[in-house]
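Pasted below: work.cif, mmCIF, C-alpha atoms.
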```cif
data_my_file
#
loop_
_atom_site.label_atom_id
_atom_site.label_comp_id
_atom_site.auth_asym_id
_atom_site.auth_seq_id
_atom_site.Cartn_x
_atom_site.Cartn_y
_atom_site.Cartn_z
CA MET A 1 -248.24 -136.43 35.85
CA ILE A 2 -247.49 -132.79 36.70
CA LYS A 3 -245.81 -133.13 40.07
CA LEU A 4 -246.48 -130.76 42.94
CA ILE A 5 -242.77 -129.88 43.21
CA GLN A 6 -239.51 -130.59 41.44
CA PRO A 7 -236.17 -130.07 43.21
CA TYR A 8 -233.95 -127.26 41.97
CA ILE A 9 -230.86 -129.47 41.95
CA HIS A 10 -229.39 -131.82 39.32
CA PHE A 11 -226.72 -134.47 39.56
CA ASP A 12 -224.43 -132.68 37.12
CA GLU A 13 -224.15 -129.80 39.61
CA VAL A 14 -222.83 -131.98 42.40
CA LYS A 15 -221.04 -134.94 40.81
CA GLU A 16 -217.52 -133.46 40.99
CA ASP A 17 -217.90 -132.57 44.66
CA PHE A 18 -219.48 -135.94 45.38
CA LYS A 19 -216.48 -137.64 43.79
CA GLU A 20 -214.09 -135.58 45.89
CA ILE A 21 -215.98 -136.56 49.05
CA PHE A 22 -215.95 -140.27 48.19
CA ASP A 23 -212.28 -140.13 47.23
CA SER A 24 -211.43 -138.45 50.53
CA GLY A 25 -213.51 -140.82 52.63
CA TRP A 26 -214.62 -137.78 54.66
CA LEU A 27 -218.39 -138.24 54.66
CA THR A 28 -219.32 -136.15 57.69
CA LYS A 29 -218.07 -133.15 59.71
CA GLY A 30 -215.96 -131.97 56.79
CA LYS A 31 -215.39 -128.78 54.86
CA TYR A 32 -218.68 -128.79 52.96
CA ILE A 33 -220.94 -128.59 56.00
CA GLN A 34 -218.77 -125.78 57.34
CA GLN A 35 -219.06 -123.95 54.03
CA PHE A 36 -222.82 -124.48 53.82
CA MET A 37 -223.39 -123.04 57.28
CA GLN A 38 -221.06 -120.11 56.60
CA ASN A 39 -222.87 -119.39 53.34
CA LEU A 40 -226.19 -119.54 55.16
CA GLN A 41 -224.94 -117.08 57.78
CA ASP A 42 -223.76 -114.70 55.07
CA TYR A 43 -226.98 -114.99 53.06
CA MET A 44 -229.16 -114.30 56.09
CA ASN A 45 -226.85 -111.77 57.74
CA ILE A 46 -226.90 -113.79 60.97
CA GLN A 47 -224.10 -114.65 63.38
CA TYR A 48 -224.59 -118.39 63.84
CA ALA A 49 -226.02 -121.29 61.85
CA TYR A 50 -226.02 -124.98 62.79
CA ALA A 51 -227.18 -127.81 60.56
CA THR A 52 -229.64 -130.40 61.84
CA THR A 53 -231.30 -133.50 60.44
CA SER A 54 -234.65 -131.72 59.99
CA ALA A 55 -236.68 -128.70 61.01
CA THR A 56 -238.30 -130.95 63.61
CA THR A 57 -235.01 -131.66 65.36
CA ALA A 58 -234.14 -127.98 64.97
CA LEU A 59 -237.33 -126.95 66.78
CA SER A 60 -236.80 -129.56 69.47
CA ILE A 61 -233.25 -128.45 70.26
CA CYS A 62 -234.40 -124.81 70.36
CA LEU A 63 -236.93 -125.62 73.08
CA LYS A 64 -234.13 -127.20 75.06
CA ALA A 65 -231.86 -124.21 74.47
CA LEU A 66 -234.51 -122.05 76.13
CA ASN A 67 -234.63 -124.56 79.02
CA LEU A 68 -238.35 -125.13 78.62
CA GLN A 69 -239.74 -127.69 81.03
CA SER A 70 -242.71 -130.00 81.34
CA GLN A 71 -245.89 -128.08 82.20
CA ASP A 72 -244.62 -124.86 80.60
CA GLU A 73 -246.83 -123.35 77.90
CA VAL A 74 -245.89 -122.21 74.40
CA ILE A 75 -248.21 -120.20 72.16
CA VAL A 76 -248.05 -121.66 68.66
CA SER A 77 -249.51 -120.78 65.25
CA ASP A 78 -252.38 -123.17 64.61
CA PHE A 79 -252.02 -123.49 60.81
CA SER A 80 -248.91 -125.61 60.26
CA PHE A 81 -247.58 -129.13 59.82
CA PRO A 82 -248.03 -131.18 63.04
CA ALA A 83 -244.27 -131.28 63.68
CA THR A 84 -244.62 -127.76 65.08
CA SER A 85 -246.68 -128.95 68.03
CA ASN A 86 -245.30 -132.50 68.16
CA VAL A 87 -241.98 -131.20 69.51
CA LEU A 88 -243.88 -129.59 72.39
CA GLU A 89 -245.77 -132.78 73.19
CA ASP A 90 -242.50 -134.72 73.19
CA LEU A 91 -241.18 -132.56 76.04
CA GLY A 92 -244.44 -132.40 77.97
CA ILE A 93 -244.93 -128.73 77.09
CA LYS A 94 -248.51 -127.57 76.55
CA PRO A 95 -249.25 -125.98 73.18
CA ILE A 96 -251.59 -122.99 73.34
CA PHE A 97 -253.05 -122.73 69.87
CA ALA A 98 -253.28 -119.23 68.40
CA ASP A 99 -255.69 -118.75 65.53
CA VAL A 100 -254.51 -117.29 62.26
CA CYS A 101 -255.46 -114.59 59.77
CA LEU A 102 -257.77 -115.79 57.00
CA SER A 103 -255.81 -113.85 54.39
CA THR A 104 -252.11 -114.25 55.31
CA PHE A 105 -252.64 -117.61 57.15
CA ASN A 106 -250.27 -116.35 59.89
CA MET A 107 -250.71 -115.96 63.65
CA LEU A 108 -252.98 -113.09 64.69
CA PRO A 109 -251.26 -110.63 67.09
CA GLU A 110 -254.36 -110.29 69.26
CA GLU A 111 -254.37 -114.06 69.74
CA ILE A 112 -251.00 -113.90 71.49
CA GLU A 113 -251.97 -111.12 73.86
CA LYS A 114 -255.19 -112.76 75.00
CA LYS A 115 -253.50 -116.13 75.57
CA ILE A 116 -250.39 -115.06 77.47
CA SER A 117 -250.28 -116.41 81.03
CA GLU A 118 -247.72 -116.86 83.79
CA LYS A 119 -246.93 -120.25 82.27
CA THR A 120 -246.13 -118.83 78.81
CA LYS A 121 -242.42 -119.41 78.20
CA ALA A 122 -242.18 -118.92 74.41
CA VAL A 123 -244.05 -118.18 71.19
CA ILE A 124 -243.60 -120.20 68.00
CA PHE A 125 -244.48 -118.12 64.95
CA VAL A 126 -244.94 -120.21 61.81
CA HIS A 127 -244.19 -118.55 58.47
CA ALA A 128 -247.18 -120.23 56.88
CA LEU A 129 -246.18 -121.81 53.58
CA GLY A 130 -243.17 -119.47 53.43
CA ASN A 131 -245.05 -116.21 54.11
CA PRO A 132 -243.38 -113.96 56.73
CA SER A 133 -246.20 -111.39 56.74
CA GLY A 134 -246.76 -110.02 60.25
CA VAL A 135 -243.66 -111.45 61.92
CA SER A 136 -242.40 -107.93 62.79
CA LYS A 137 -245.54 -107.27 64.82
CA ILE A 138 -245.21 -110.60 66.60
CA GLN A 139 -241.60 -109.73 67.43
CA GLU A 140 -242.76 -106.43 68.99
CA ILE A 141 -245.32 -108.19 71.18
CA CYS A 142 -242.83 -110.80 72.35
CA ARG A 143 -240.28 -108.14 73.23
CA HIS A 144 -242.91 -106.14 75.12
CA TYR A 145 -243.85 -109.15 77.24
CA LYS A 146 -240.24 -110.43 77.37
CA ILE A 147 -241.21 -113.79 75.90
CA PRO A 148 -238.71 -115.60 73.65
CA LEU A 149 -239.74 -115.92 70.01
CA ILE A 150 -238.93 -119.06 68.01
CA GLU A 151 -239.53 -118.83 64.28
CA ASP A 152 -240.71 -121.97 62.56
CA ALA A 153 -239.34 -120.80 59.22
CA ALA A 154 -239.31 -124.33 57.84
CA CYS A 155 -240.90 -123.14 54.59
CA ALA A 156 -239.47 -119.62 54.51
CA ILE A 157 -235.87 -119.81 53.29
CA GLY A 158 -235.24 -116.63 51.30
CA SER A 159 -238.41 -114.82 52.41
CA SER A 160 -238.15 -111.48 54.22
CA GLU A 161 -240.14 -108.65 55.77
CA CYS A 162 -238.90 -105.05 55.77
CA GLY A 163 -235.56 -106.22 54.36
CA LYS A 164 -234.95 -108.69 57.21
CA LYS A 165 -234.77 -112.40 56.44
CA ALA A 166 -237.30 -114.83 57.85
CA GLY A 167 -235.70 -116.72 60.70
CA THR A 168 -233.78 -113.71 62.05
CA PHE A 169 -236.57 -111.91 63.95
CA GLY A 170 -236.73 -114.19 66.96
CA GLU A 171 -234.19 -115.45 69.44
CA LEU A 172 -234.00 -118.64 67.36
CA GLY A 173 -235.02 -119.56 63.81
CA CYS A 174 -235.53 -123.01 62.30
CA PHE A 175 -235.43 -124.12 58.65
CA SER A 176 -236.27 -127.26 56.71
CA PHE A 177 -234.45 -128.67 53.67
CA HIS A 178 -237.09 -131.33 52.94
CA PRO A 179 -237.73 -132.17 49.24
CA ARG A 180 -240.81 -129.91 49.14
CA LYS A 181 -238.71 -126.90 50.09
CA LEU A 182 -237.05 -124.47 47.65
CA LEU A 183 -233.67 -125.53 48.97
CA THR A 184 -233.53 -129.26 49.59
CA THR A 185 -230.84 -131.58 50.89
CA GLY A 186 -233.20 -134.57 50.79
CA GLU A 187 -233.80 -134.28 54.50
CA GLY A 188 -232.19 -131.70 56.74
CA GLY A 189 -232.61 -128.44 58.57
CA ALA A 190 -230.84 -125.66 60.40
CA VAL A 191 -230.99 -123.44 63.48
CA VAL A 192 -229.91 -119.79 63.21
CA PHE A 193 -229.45 -117.10 65.86
CA ASN A 194 -227.50 -113.99 66.82
CA GLU A 195 -227.18 -114.38 70.58
CA GLU A 196 -223.68 -115.56 71.51
CA SER A 197 -224.93 -117.09 74.75
CA PHE A 198 -226.55 -119.92 72.74
CA LYS A 199 -223.33 -120.82 70.91
CA GLU A 200 -221.80 -123.13 73.49
CA PHE A 201 -225.10 -124.94 74.04
CA PHE A 202 -225.44 -125.82 70.36
CA GLU A 203 -221.76 -126.67 69.95
CA ILE A 204 -222.00 -129.24 72.74
CA LYS A 205 -225.56 -130.55 72.33
CA LEU A 206 -225.19 -131.15 68.60
CA ASN A 207 -221.96 -133.06 69.17
CA HIS A 208 -223.12 -135.79 71.57
CA GLY A 209 -222.40 -133.51 74.54
CA ALA A 210 -218.68 -133.46 73.76
CA VAL A 211 -215.96 -130.85 73.85
CA PHE A 212 -212.47 -131.36 72.46
CA HIS A 213 -209.45 -130.41 74.54
CA GLN A 214 -206.03 -131.82 75.30
CA ASP A 215 -206.25 -133.87 72.08
CA LYS A 216 -209.28 -135.83 73.18
CA PHE A 217 -213.04 -135.64 73.55
CA ASP A 218 -214.58 -135.01 76.94
CA PHE A 219 -218.32 -135.62 77.25
CA VAL A 220 -219.40 -132.80 79.54
CA ASP A 221 -223.15 -133.17 78.92
CA PHE A 222 -225.56 -135.49 77.16
CA GLY A 223 -226.24 -134.61 73.54
CA TYR A 224 -227.45 -135.70 70.12
CA ASN A 225 -226.36 -136.67 66.64
CA TYR A 226 -228.35 -134.33 64.41
CA ARG A 227 -225.56 -133.97 61.86
CA LEU A 228 -226.05 -133.30 58.16
CA PRO A 229 -223.66 -135.36 55.97
CA GLU A 230 -221.19 -133.81 53.55
CA LEU A 231 -223.07 -135.01 50.46
CA GLN A 232 -226.21 -133.22 51.59
CA ALA A 233 -224.27 -130.08 52.42
CA VAL A 234 -223.01 -129.92 48.83
CA MET A 235 -226.61 -129.91 47.61
CA GLY A 236 -227.39 -127.03 49.92
CA ILE A 237 -224.39 -124.98 48.79
CA LYS A 238 -225.35 -125.27 45.13
CA GLN A 239 -228.97 -124.25 45.65
CA LEU A 240 -228.26 -121.37 48.02
CA LYS A 241 -226.25 -119.69 45.26
CA LYS A 242 -229.31 -119.54 42.99
CA LEU A 243 -232.02 -119.17 45.63
CA ASP A 244 -232.91 -115.55 44.84
CA ASN A 245 -233.33 -116.40 41.15
CA ILE A 246 -235.56 -119.32 42.06
CA ILE A 247 -237.71 -117.01 44.17
CA GLN A 248 -238.06 -114.54 41.29
CA GLU A 249 -239.13 -117.34 38.95
CA ARG A 250 -241.73 -118.62 41.39
CA ASN A 251 -243.20 -115.17 41.87
CA GLN A 252 -243.68 -114.93 38.10
CA ILE A 253 -245.52 -118.25 38.19
CA ARG A 254 -247.63 -116.92 41.05
CA LYS A 255 -248.65 -113.92 38.94
CA ALA A 256 -249.64 -116.23 36.08
CA TYR A 257 -251.88 -118.24 38.41
CA PHE A 258 -253.51 -115.00 39.60
CA GLN A 259 -254.46 -114.04 36.08
CA TYR A 260 -256.24 -117.33 35.49
CA LEU A 261 -257.72 -118.16 38.90
CA ASN A 262 -258.65 -114.88 40.56
CA PRO A 263 -261.54 -114.32 38.10
CA LEU A 264 -262.79 -117.81 39.00
CA GLY A 265 -263.13 -116.89 42.67
CA PHE A 266 -259.91 -118.40 44.01
CA GLN A 267 -258.38 -116.32 46.82
CA ALA A 268 -254.58 -116.36 46.95
CA GLN A 269 -252.65 -116.17 50.20
CA GLU A 270 -252.13 -112.47 50.97
CA ILE A 271 -248.64 -111.03 51.19
CA ASN A 272 -248.12 -107.84 53.19
CA LYS A 273 -246.28 -104.79 51.87
CA GLU A 274 -242.49 -104.83 52.26
CA VAL A 275 -242.52 -108.64 52.11
CA VAL A 276 -240.49 -110.84 49.78
CA PHE A 277 -242.33 -114.14 49.51
CA ASN A 278 -240.44 -117.21 48.36
CA VAL A 279 -243.69 -118.84 47.16
CA GLN A 280 -242.81 -122.04 48.96
CA SER A 281 -246.34 -123.21 48.16
CA MET A 282 -248.83 -121.84 45.65
CA VAL A 283 -251.96 -121.88 47.79
CA PHE A 284 -255.49 -120.64 47.17
CA VAL A 285 -258.68 -120.67 49.20
CA VAL A 286 -261.17 -122.32 46.86
CA PRO A 287 -264.59 -120.78 46.07
CA LYS A 288 -267.26 -121.56 48.65
CA ASN A 289 -269.50 -123.39 46.21
CA ILE A 290 -267.05 -126.22 45.43
CA CYS A 291 -265.61 -129.16 47.35
CA ARG A 292 -261.84 -128.83 47.63
CA ASP A 293 -261.28 -132.57 47.99
CA ASP A 294 -263.33 -133.29 44.87
CA LEU A 295 -261.16 -130.79 42.98
CA ILE A 296 -257.97 -132.51 44.19
CA THR A 297 -259.34 -135.83 42.92
CA TYR A 298 -260.35 -134.31 39.58
CA LEU A 299 -256.93 -132.74 39.08
CA TYR A 300 -255.22 -136.06 39.82
CA GLN A 301 -257.46 -137.81 37.29
CA ASN A 302 -256.26 -135.24 34.76
CA GLY A 303 -252.56 -135.71 35.52
CA ILE A 304 -252.05 -132.90 38.04
CA GLU A 305 -250.80 -133.44 41.58
CA SER A 306 -252.23 -131.10 44.23
CA THR A 307 -252.93 -131.15 47.96
CA LEU A 308 -254.41 -129.20 50.83
CA GLY A 309 -252.62 -126.08 52.16
CA THR A 310 -251.61 -127.47 55.54
CA TYR A 311 -253.21 -128.53 58.83
CA CYS A 312 -255.20 -127.07 61.68
CA LEU A 313 -253.08 -128.37 64.56
CA SER A 314 -255.83 -128.02 67.14
CA GLY A 315 -258.14 -130.00 64.85
CA THR A 316 -255.98 -133.12 64.53
CA THR A 317 -257.49 -136.13 66.28
CA PHE A 318 -254.74 -136.16 68.90
CA CYS A 319 -255.00 -132.47 69.81
CA LYS A 320 -258.79 -132.35 69.54
CA ASN A 321 -259.14 -135.23 71.99
CA LYS A 322 -256.53 -133.84 74.38
CA TYR A 323 -257.33 -130.11 74.39
CA ASN A 324 -260.74 -129.58 72.73
CA ALA A 325 -259.63 -126.13 71.55
CA ILE A 326 -260.16 -126.05 67.77
CA GLN A 327 -259.36 -122.65 66.22
CA LYS A 328 -262.03 -121.76 63.68
CA ASN A 329 -259.91 -119.88 61.11
CA ALA A 330 -257.22 -122.55 61.03
CA LYS A 331 -259.88 -125.23 60.64
CA PHE A 332 -261.53 -123.33 57.78
CA LEU A 333 -258.17 -123.00 56.00
CA GLU A 334 -257.38 -126.69 56.39
CA ASP A 335 -260.71 -127.55 54.78
CA SER A 336 -260.65 -124.88 52.07
CA THR A 337 -257.09 -124.41 50.81
CA LEU A 338 -255.54 -125.93 47.71
CA THR A 339 -251.83 -126.18 46.86
CA LEU A 340 -250.95 -126.25 43.15
CA PRO A 341 -247.70 -127.14 41.35
CA CYS A 342 -245.18 -124.28 41.24
CA TYR A 343 -241.74 -124.59 39.64
CA LYS A 344 -239.93 -123.58 36.48
CA GLY A 345 -241.63 -124.89 33.34
CA VAL A 346 -244.91 -125.88 35.01
CA ASP A 347 -247.90 -125.58 32.66
CA VAL A 348 -249.99 -122.99 34.52
CA GLU A 349 -252.36 -122.59 31.59
CA TYR A 350 -253.22 -126.30 31.42
CA ILE A 351 -253.68 -126.53 35.19
CA SER A 352 -255.91 -123.45 35.24
CA GLN A 353 -257.97 -124.66 32.28
CA THR A 354 -258.46 -128.00 33.99
CA ILE A 355 -259.72 -126.22 37.10
CA GLN A 356 -262.10 -124.18 34.96
CA LYS A 357 -263.45 -127.38 33.39
CA PHE A 358 -264.10 -128.75 36.89
CA LEU A 359 -266.07 -125.63 37.77
CA THR A 360 -268.26 -125.95 34.68
#
```

How does the structure come out when it is put into structure tokens?
Amino acid sequence: MIKLIQPYIHFDEVKEDFKEIFDSGWLTKGKYIQQFMQNLQDYMNIQYAYATTSATTALSICLKALNLQSQDEVIVSDFSFPATSNVLEDLGIKPIFADVCLSTFNMLPEEIEKKISEKTKAVIFVHALGNPSGVSKIQEICRHYKIPLIEDAACAIGSSECGKKAGTFGELGCFSFHPRKLLTTGEGGAVVFNEESFKEFFEIKLNHGAVFHQDKFDFVDFGYNYRLPELQAVMGIKQLKKLDNIIQERNQIRKAYFQYLNPLGFQAQEINKEVVFNVQSMVFVVPKNICRDDLITYLYQNGIESTLGTYCLSGTTFCKNKYNAIQKNAKFLEDSTLTLPCYKGVDVEYISQTIQKFLT
């Protein structure tokens, strides 16, 4: 079976550091997590980075950092994994779904402006499948209306627009290190930001609400344990060093897919000028005359794993029943997009030939 993704990390890369960690007995809050976060800050040219257990917990803590309350509204990209809106539901915040561009799959600027109200307290821009195209324009709109911007950059580690890394445009940026991501720690995530005023909040909230003074802990607030263990931090350190090379490799694979599939009527996700795309997912809109789900089944029967692009949040059963506000572009993309395997050594020719056989 040709898997959808293979991690860019091997045991040989980490075994010496793993041994050192086990020998020391220091499994958490040690030097490796500090190094990983420092390396992430340096790579992204950002002032602060804090590890979390996932992008979901990263998004959740960001909403709390902005002091969002029940009954507030947040405008959110509608083409994403449900975690993006789940964190809002958890806090009683109303998601206002913004439809997306049919070519880039990212939030449409005009959707923000027509949906802003007195209750709007933030915007969550999703870098759809790792694509940062258009985030600069969204940043301009948010600044004009003085609305905080949170970047759901879960898929976008290493991507950039106009030389600026994804995750650094908004007040707060969130990343995922899930196994489907280019940089994986098994599970895990991070929050990044430049504003010093957030620093104390994250220091305390991510440490059970504790501060350390006079040789003891004092719990000055309630907080959480969203810590990433030392073993996982080692994995992150190793992959961050080679991330740019991984991105270059994946873009070459993307070009190979283009050569085979564009003539067959497959439309690739569009990437704006001045964008570096990490190719988190190799996604196409399938031709109108075929059934995407039938193609997924056919590929699996021929030893190729594939899946849909991602989800129309407003079209999930929960959100449809609660809000009845399905966004047509996002729904079309959920029904029409196909994600194909993309990693070093993947047999693009065989996959493409198999798709061609399905079409004939």

- Between A:Asn131, A:Asn289, A:Asn194, A:Ser306, which one has atoms that come closest to Ala268 of chain A, using all atoms listed in the file? A:Asn131

- Query: What residues come out when you apply the PyMOL selection byres ((chain A and resi 239) around 10) to this file, written as a count of residues only?
  - Reply: 20

- Query: Residues at most 8 Å from Ser159 of chain A, counting all atoms listed in the file, excluding those fewer than 3 positions away in the same chain, as a PyMOL selection string?
  - Reply: chain A and resi 130-132+156+165-166+275-278

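Minimum atom-to-atom distances from A:Ala51, A:Ile5, A:Ala325, A:Val191 to Asn207 of chain A were compared using only C-alpha atoms, and the lowest value belongs to A:Ala51.
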
- Pairwise distance, atom CA of Glu161 of chain A with atom CA of Val135 of chain A, equals 7.6 Å

- Expressed in Å, the length from atom CA of Thr104 of chain A to atom CA of Tyr350 of chain A is 26.8 Å

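One distance worth recording is that between atom CA of Val123 of chain A and atom CA of Glu203 of chain A, which is 23.9 Å.
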
- Picked residues, the PyMOL selection byres ((chain A and resi 310) around 6), expected as an MDAnalysis selection string: chainID A and resid 80 308:309 311 334

Skipping near chain neighbours, those fewer than 4 positions away, what residues fall within 10 Å of Ile61 of chain A using only C-alpha atoms, listed as a compact mmCIF listing (two decimals) with C-alpha atoms, keeping the file's coordinate frame?
```
# COMPACT_ATOMS: atom_id res chain seq x y z
CA THR A 52 -229.64 -130.40 61.84
CA ALA A 55 -236.68 -128.70 61.01
CA THR A 56 -238.30 -130.95 63.61
CA THR A 57 -235.01 -131.66 65.36
CA ALA A 65 -231.86 -124.21 74.47
CA LEU A 66 -234.51 -122.05 76.13
CA ASN A 67 -234.63 -124.56 79.02
CA VAL A 87 -241.98 -131.20 69.51
CA CYS A 174 -235.53 -123.01 62.30
CA VAL A 191 -230.99 -123.44 63.48
CA PHE A 201 -225.10 -124.94 74.04
CA PHE A 202 -225.44 -125.82 70.36
CA LYS A 205 -225.56 -130.55 72.33
CA LEU A 206 -225.19 -131.15 68.60
CA GLY A 223 -226.24 -134.61 73.54
CA TYR A 224 -227.45 -135.70 70.12
CA TYR A 226 -228.35 -134.33 64.41
```
